[in-house]
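**Q** One structure coming up, written as structure tokens, with questions to follow.
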Amino acid sequence: MNTKDTRKWTSGEMRIHFNLKQTRDSEKLTQIMLVASLDKRRVRVYTRLRVRPKYWSAATNRCNLTGRLTRRERMGLEGINEQIERMTTLLRETDNRLAMNGEPMTEAAVRQVMNGLLRDEEREVRPLPYLRQLAEDYVKGINRKGKRGHDSSVCTYLTALGRLEEYDRGRKVPICSFDDFDKHFFADFTNYLYGYTYGREGERKHYTQNTIVNTLKVIKNLLHRAYDNEVTTNDYFRKVQTALAADASDPIYLEEKEIKRLAGVRILSDAEREVRDIFVIACYTALRISDLRRLNEAVIGGGVITMYQTKTQERVEIPILKEIAPLVEHYREQGFPVINKATANRIIKTLAERCHIDTPVSYKECRGGVSTVHTVPKWKMVSFHTARRSCVTNLYKRGYPANYVMTLSGHRSMQAFQRYMRASSKEVMANFVHLLKKDKALPG
């Protein structure tokens, strides 16, 4: 005996309408939500479509195309309405097909139709190529702070993306959707970065903790841009922790007596002379190497170097201290050399070794999740970034207020400034006592 239920269901029993997740802020993008009423039960599904409430008509359940709209706004709203119509049509067709078979429209059927539609849409945008395009176009767009990106940032972004692409090639299941950037992905990708090794056989190294954290920051930033561009509604990236303690990859500074020793070091070539002179200038201006390469564009006069910093685009006025005044005047007349970063860092290490800046220094490094302490001669740690740290630290040790030094260095927060200020508490206290005695603030 056939026990199958032969009751007939009538199509059209399902009612469909759309509403917004929030309506309070008329200018803030919000998701459009599908609400399907099935036999006194409501099913709510986010459509991943986003619109500003001021463009939404609650009466028609569609975007309002009346009023003064730009061509771009009208095209975007028309596109949303077309997608809403497509969703409605497919749900009606599914309802009719099930009714012909004597079956009711269920919540599972509604979600199956919607998930199929959303997957189809996301297949059209392949995540990794899209993120690469975002990175390559970084200098063309405006970020959330209203500023354009820099070429150096593009290199950083593409390097981080290269790590993500290599990780993806090794996965059994490749990244096919923006929904794949979930909790499991970030945990697995982080473990991959900690376990990854590079270098020649016998000299293999793990990534430092700084490299891993910065890679995750780049991926988060690109996913945020994709989210802002309404390519995806997956915002799990917001939950990813990237405020881990950074390892001290450059924990040293040069004392002023060491800088003087370096300024008088024996020179064997014009390249060494140029690198040494520019390094000494950096030690008394706190300029980054990207700004040192643009000194010919700076306005120099009245004892001040005026320029816009490459990284922050902030205007700075740097007093020309007596220690570098002759060098600045010399190169102002004949032109400042434009040095190559890698070559300059290699040469400055050689010069630091030659003038015996070899005090043993210890530093902690975290690679592959393992922290180790290394002790090396000081010259091995010297780079052009050391000059920036040296300027900040030595000026602070002289007794100049931190906010004055921050104005020169371009730091915008005390937290960032303190990461550069490398004087020990003992050194700071000794200088503080000296100033107190100078001002006769101490008894006796």
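Chain lettering (A, B, ...) mirrors the order of the structure tokens, residue numbering begins at 1 for each chain separately, and ligand numbering begins at 1 in order of display.
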May I have the residues within 12 Å of Asp180 in chain A as a list in words, using only C-alpha atoms and disregarding those fewer than 4 positions away in the same chain?

**A**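 Answer for this query is Arg119, Glu122, Arg126, Pro127, Leu128, Asp168, Val173, Pro174, Ile175, Cys176, His184, Phe185, Phe186, Asp188, Phe189, Leu223, Thr232, Thr233, Asn234, Asp235, Tyr236 and Phe237 of chain A.
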
**Q** So which residues touch range 74-78 of chain A within 9 Å, counting only C-alpha atoms, skipping near sequence neighbours fewer than 4 positions away, as an mmCIF file with N, CA and C atoms, in the first residue's frame?

**A**
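Done, and the output landed in result-v8.cif:
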data_model
loop_
_atom_site.group_PDB
_atom_site.id
_atom_site.type_symbol
_atom_site.label_atom_id
_atom_site.label_comp_id
_atom_site.auth_asym_id
_atom_site.auth_seq_id
_atom_site.Cartn_x
_atom_site.Cartn_y
_atom_site.Cartn_z
ATOM 1 N N VAL A 51 22.843 48.693 0.620
ATOM 2 C CA VAL A 51 22.340 49.954 0.091
ATOM 3 C C VAL A 51 22.232 50.959 1.236
ATOM 4 N N TYR A 55 18.121 55.503 -0.098
ATOM 5 C CA TYR A 55 17.743 55.088 -1.454
ATOM 6 C C TYR A 55 16.700 53.965 -1.448
ATOM 7 N N ARG A 62 12.000 47.898 -2.900
ATOM 8 C CA ARG A 62 13.019 48.049 -3.947
ATOM 9 C C ARG A 62 13.764 49.367 -3.713
ATOM 10 N N CYS A 63 14.871 49.523 -4.431
ATOM 11 C CA CYS A 63 15.587 50.789 -4.380
ATOM 12 C C CYS A 63 14.769 51.847 -5.122
ATOM 13 N N ASN A 64 14.741 53.024 -4.574
ATOM 14 C CA ASN A 64 13.975 54.123 -5.157
ATOM 15 C C ASN A 64 14.814 54.808 -6.230
ATOM 16 N N LEU A 65 14.315 54.813 -7.466
ATOM 17 C CA LEU A 65 15.063 55.380 -8.585
ATOM 18 C C LEU A 65 14.611 56.794 -8.931
ATOM 19 N N LEU A 69 19.712 61.627 -9.002
ATOM 20 C CA LEU A 69 20.724 60.573 -8.855
ATOM 21 C C LEU A 69 21.798 60.764 -9.915
ATOM 22 N N THR A 70 23.045 60.496 -9.540
ATOM 23 C CA THR A 70 24.100 60.484 -10.542
ATOM 24 C C THR A 70 23.951 59.232 -11.388
ATOM 25 N N GLU A 82 17.611 44.581 -9.994
ATOM 26 C CA GLU A 82 17.633 43.413 -10.891
ATOM 27 C C GLU A 82 17.956 42.140 -10.112
ATOM 28 N N GLN A 83 18.879 42.234 -9.157
ATOM 29 C CA GLN A 83 19.222 41.057 -8.358
ATOM 30 C C GLN A 83 18.062 40.647 -7.446
#

**Q** Give me, as a ChimeraX atom specification, all polymer residues having an atom no more than 7 Å from range 341-358 of chain A, counting only C-alpha atoms and skipping those fewer than 3 positions away in the same chain.

**A** /A:258,261-262,265,272,275-276,377-380,382-384

**Q** Using only C-alpha atoms, can you tell me which of A:Ile278, A:Val370, A:Leu90, A:Met14 comes closest to Tyr194 in chain A?

**A**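 For Tyr194 in chain A, the nearest of the candidates is A:Val370.
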
**Q** To test your reading of the structure, identify every residue in range 87-223 of chain A that backbone DSSP assigns to strand (DSSP E or B), and report it as a list in words.

**A** Ile142, Arg148, Thr197, Tyr198, Lys205, His206 and Thr208 of chain A

**Q** Since we have the selection now, will you write its residues out, keeping N, CA, C and O atoms, as a short mmCIF file (atom, residue, chain, number, x, y, z; two decimals), in the first residue's frame?

**A**
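This is the output file out-v6.cif:
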data_model
loop_
_atom_site.label_atom_id
_atom_site.label_comp_id
_atom_site.auth_asym_id
_atom_site.auth_seq_id
_atom_site.Cartn_x
_atom_site.Cartn_y
_atom_site.Cartn_z
N ILE A 142 42.11 55.92 -3.01
CA ILE A 142 42.16 56.67 -1.76
C ILE A 142 41.75 55.74 -0.63
O ILE A 142 40.73 55.05 -0.73
N ARG A 148 46.36 58.66 -0.55
CA ARG A 148 46.75 57.69 -1.57
C ARG A 148 47.86 56.79 -1.04
O ARG A 148 48.63 57.16 -0.16
N THR A 197 59.80 27.80 5.96
CA THR A 197 61.24 28.09 5.98
C THR A 197 61.70 28.53 4.59
O THR A 197 61.12 28.16 3.58
N TYR A 198 62.76 29.33 4.57
CA TYR A 198 63.30 29.83 3.31
C TYR A 198 64.82 29.90 3.42
O TYR A 198 65.39 29.76 4.51
N LYS A 205 65.74 29.36 7.30
CA LYS A 205 65.24 30.21 8.38
C LYS A 205 63.72 30.21 8.38
O LYS A 205 63.08 30.02 7.36
N HIS A 206 63.15 30.49 9.56
CA HIS A 206 61.72 30.72 9.68
C HIS A 206 61.46 32.22 9.59
O HIS A 206 62.35 33.04 9.82
N THR A 208 60.23 35.79 10.86
CA THR A 208 60.17 36.42 12.18
C THR A 208 58.71 36.70 12.54
O THR A 208 57.83 36.72 11.67
#

**Q** Hey, what does DSSP flag as helix (DSSP H, G or I) within range 69-296 of chain A? Can you give it to me as a VMD selection string?

**A** chain A and resid 71 to 100 107 to 123 127 to 136 151 to 169 178 to 180 183 to 195 209 to 228 236 to 239 256 to 263 270 to 283 289 to 292 295 to 296

**Q** For Gly303 in chain A, please output as a ChimeraX atom specification all residues within 10 Å (counting only C-alpha atoms; exclusion window: fewer than 4 positions along the same chain).

**A** /A:317-322,325,328

**Q** Please list as a PyMOL selection string every residue within 10 Å of Leu327 in chain A, counting only C-alpha atoms and excluding residues in the same chain fewer than 2 positions away.

**A** chain A and resi 277-278+280-281+322-325+329-332+336

**Q** Just the selected residues (C-alpha atoms), exported as a PDB file, in the first residue's frame, please.

**A**
ATOM      1  CA  ASP A 277      77.864  61.366   4.716  1.00  0.00           C
ATOM      2  CA  ILE A 278      74.196  60.636   4.112  1.00  0.00           C
ATOM      3  CA  VAL A 280      75.633  61.033   9.354  1.00  0.00           C
ATOM      4  CA  ILE A 281      73.028  63.504   8.060  1.00  0.00           C
ATOM      5  CA  LYS A 322      75.986  72.213  13.710  1.00  0.00           C
ATOM      6  CA  GLU A 323      77.260  68.631  13.406  1.00  0.00           C
ATOM      7  CA  ILE A 324      75.918  68.329   9.850  1.00  0.00           C
ATOM      8  CA  ALA A 325      75.806  71.963   8.662  1.00  0.00           C
ATOM      9  CA  GLU A 329      75.953  72.969   2.567  1.00  0.00           C
ATOM     10  CA  HIS A 330      78.436  70.881   0.545  1.00  0.00           C
ATOM     11  CA  TYR A 331      75.778  68.616  -0.971  1.00  0.00           C
ATOM     12  CA  ARG A 332      73.313  71.454  -1.370  1.00  0.00           C
ATOM     13  CA  PHE A 336      72.739  65.068  -2.673  1.00  0.00           C
TER      14      PHE A 336
END

**Q** Counting only C-alpha atoms, what is within 10 Å of Val35 in chain A, bar same-chain residues fewer than 5 positions away, as number ranges by chain?

**A** A: 15-19, 42-46

**Q** The selected residues should be written to file as a PDB file, in the first residue's frame (atoms: N, CA and C atoms).

**A**
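Below is the file that was written, again.pdb:
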ATOM      1  N   ARG A  15       4.933  34.179   0.788  1.00  0.00           N
ATOM      2  CA  ARG A  15       4.971  35.616   0.585  1.00  0.00           C
ATOM      3  C   ARG A  15       6.412  36.084   0.761  1.00  0.00           C
ATOM      4  N   ILE A  16       6.861  36.966  -0.138  1.00  0.00           N
ATOM      5  CA  ILE A  16       8.257  37.427  -0.131  1.00  0.00           C
ATOM      6  C   ILE A  16       8.289  38.942  -0.020  1.00  0.00           C
ATOM      7  N   HIS A  17       9.120  39.432   0.888  1.00  0.00           N
ATOM      8  CA  HIS A  17       9.403  40.857   0.883  1.00  0.00           C
ATOM      9  C   HIS A  17      10.829  41.070   1.378  1.00  0.00           C
ATOM     10  N   PHE A  18      11.322  42.292   1.186  1.00  0.00           N
ATOM     11  CA  PHE A  18      12.701  42.625   1.537  1.00  0.00           C
ATOM     12  C   PHE A  18      12.694  43.836   2.471  1.00  0.00           C
ATOM     13  N   ASN A  19      13.594  43.818   3.451  1.00  0.00           N
ATOM     14  CA  ASN A  19      13.755  44.999   4.297  1.00  0.00           C
ATOM     15  C   ASN A  19      15.230  45.198   4.630  1.00  0.00           C
ATOM     16  N   ARG A  42       8.371  32.518   9.375  1.00  0.00           N
ATOM     17  CA  ARG A  42       9.196  33.453   8.620  1.00  0.00           C
ATOM     18  C   ARG A  42      10.635  32.960   8.529  1.00  0.00           C
ATOM     19  N   VAL A  43      11.196  33.094   7.337  1.00  0.00           N
ATOM     20  CA  VAL A  43      12.596  32.729   7.097  1.00  0.00           C
ATOM     21  C   VAL A  43      13.338  34.000   6.692  1.00  0.00           C
ATOM     22  N   ARG A  44      14.396  34.330   7.412  1.00  0.00           N
ATOM     23  CA  ARG A  44      15.186  35.529   7.102  1.00  0.00           C
ATOM     24  C   ARG A  44      16.548  35.118   6.557  1.00  0.00           C
ATOM     25  N   VAL A  45      16.905  35.706   5.426  1.00  0.00           N
ATOM     26  CA  VAL A  45      18.183  35.391   4.787  1.00  0.00           C
ATOM     27  C   VAL A  45      18.837  36.699   4.342  1.00  0.00           C
ATOM     28  N   TYR A  46      20.105  36.901   4.701  1.00  0.00           N
ATOM     29  CA  TYR A  46      20.828  38.071   4.218  1.00  0.00           C
ATOM     30  C   TYR A  46      21.183  37.872   2.749  1.00  0.00           C
TER      31      TYR A  46
END

**Q** Please, which residues in range 288-363 of chain A fall within 12 Å of range 153-163 of chain A when counting only C-alpha atoms, and what is the closest atom pair and distance in Å to one decimal for each, ordered by chain then residue number, as a tab-separated table?

**A**
residue	atom	partner	partner_atom	distance
A:Thr310	CA	A:Ser153	CA	11.1
A:Lys311	CA	A:Ser153	CA	9.1
A:Thr312	CA	A:Ser153	CA	11.8

**Q** Which residues, written as a PDB file with N, CA, C and O atoms, in the first residue's frame, have at least one atom at most 8 Å from Tyr253 in chain A, with only C-alpha atoms counted and residues fewer than 3 positions away on the same chain left out?

**A**
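Saved as result12.pdb:
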ATOM      1  N   THR A 386      68.967  52.567  11.808  1.00  0.00           N
ATOM      2  CA  THR A 386      69.658  52.838  13.069  1.00  0.00           C
ATOM      3  C   THR A 386      69.896  54.342  13.228  1.00  0.00           C
ATOM      4  O   THR A 386      69.853  54.875  14.340  1.00  0.00           O
ATOM      5  N   ALA A 387      70.149  55.029  12.111  1.00  0.00           N
ATOM      6  CA  ALA A 387      70.394  56.472  12.160  1.00  0.00           C
ATOM      7  C   ALA A 387      69.164  57.197  12.697  1.00  0.00           C
ATOM      8  O   ALA A 387      69.270  58.135  13.493  1.00  0.00           O
ATOM      9  N   ARG A 389      66.788  55.956  14.667  1.00  0.00           N
ATOM     10  CA  ARG A 389      66.695  55.668  16.103  1.00  0.00           C
ATOM     11  C   ARG A 389      67.729  56.469  16.888  1.00  0.00           C
ATOM     12  O   ARG A 389      67.450  56.958  17.990  1.00  0.00           O
ATOM     13  N   SER A 390      68.926  56.595  16.315  1.00  0.00           N
ATOM     14  CA  SER A 390      70.014  57.300  17.004  1.00  0.00           C
ATOM     15  C   SER A 390      69.672  58.768  17.195  1.00  0.00           C
ATOM     16  O   SER A 390      69.904  59.341  18.268  1.00  0.00           O
ATOM     17  N   THR A 393      66.900  59.113  19.887  1.00  0.00           N
ATOM     18  CA  THR A 393      67.404  58.793  21.227  1.00  0.00           C
ATOM     19  C   THR A 393      68.383  59.845  21.724  1.00  0.00           C
ATOM     20  O   THR A 393      68.295  60.299  22.876  1.00  0.00           O
ATOM     21  N   ARG A 422      65.649  54.562  22.312  1.00  0.00           N
ATOM     22  CA  ARG A 422      66.350  53.387  22.822  1.00  0.00           C
ATOM     23  C   ARG A 422      67.244  53.653  24.028  1.00  0.00           C
ATOM     24  O   ARG A 422      67.989  52.782  24.429  1.00  0.00           O
TER      25      ARG A 422
END

**Q** For a quick check of understanding, using only C-alpha atoms, which of A:Ala135, A:Thr211, A:Pro104, A:Val125 has the smallest distance to Phe178 in chain A?

**A** A:Val125

**Q** Kindly indicate which residue among A:Gly195, A:Phe181, A:Gln209, A:Cys283 lies nearest to His224 in chain A, using only C-alpha atoms for the distances.

**A**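 Result for the nearest residue to His224 in chain A: A:Phe181.
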
**Q** Hey, which of A:Arg225, A:Arg294, A:Arg315, A:Arg97 ends up closest to Tyr138 in chain A? Count only C-alpha atoms.

**A** A:Arg225

**Q** Between A:Arg41, A:Ile259, A:Thr66, A:Glu314, which residue has the minimum interatomic distance to Glu107 in chain A, considering only C-alpha atoms?

**A**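 For Glu107 in chain A, the nearest of the candidates is A:Arg41.
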
**Q** So the first atom is CA of Ala226 in chain A and the second is CA of Leu91 in chain A; what is the distance between them in Å, to one decimal place?

**A**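 Here the two named atoms are 28.2 Å from each other.
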
**Q** Have a look at A:Val338, A:Ile267, A:Leu131, A:Ile80 and name the one nearest to Val218 in chain A; count only C-alpha atoms.

**A**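 Among the listed residues, A:Leu131 lies closest to Val218 in chain A.
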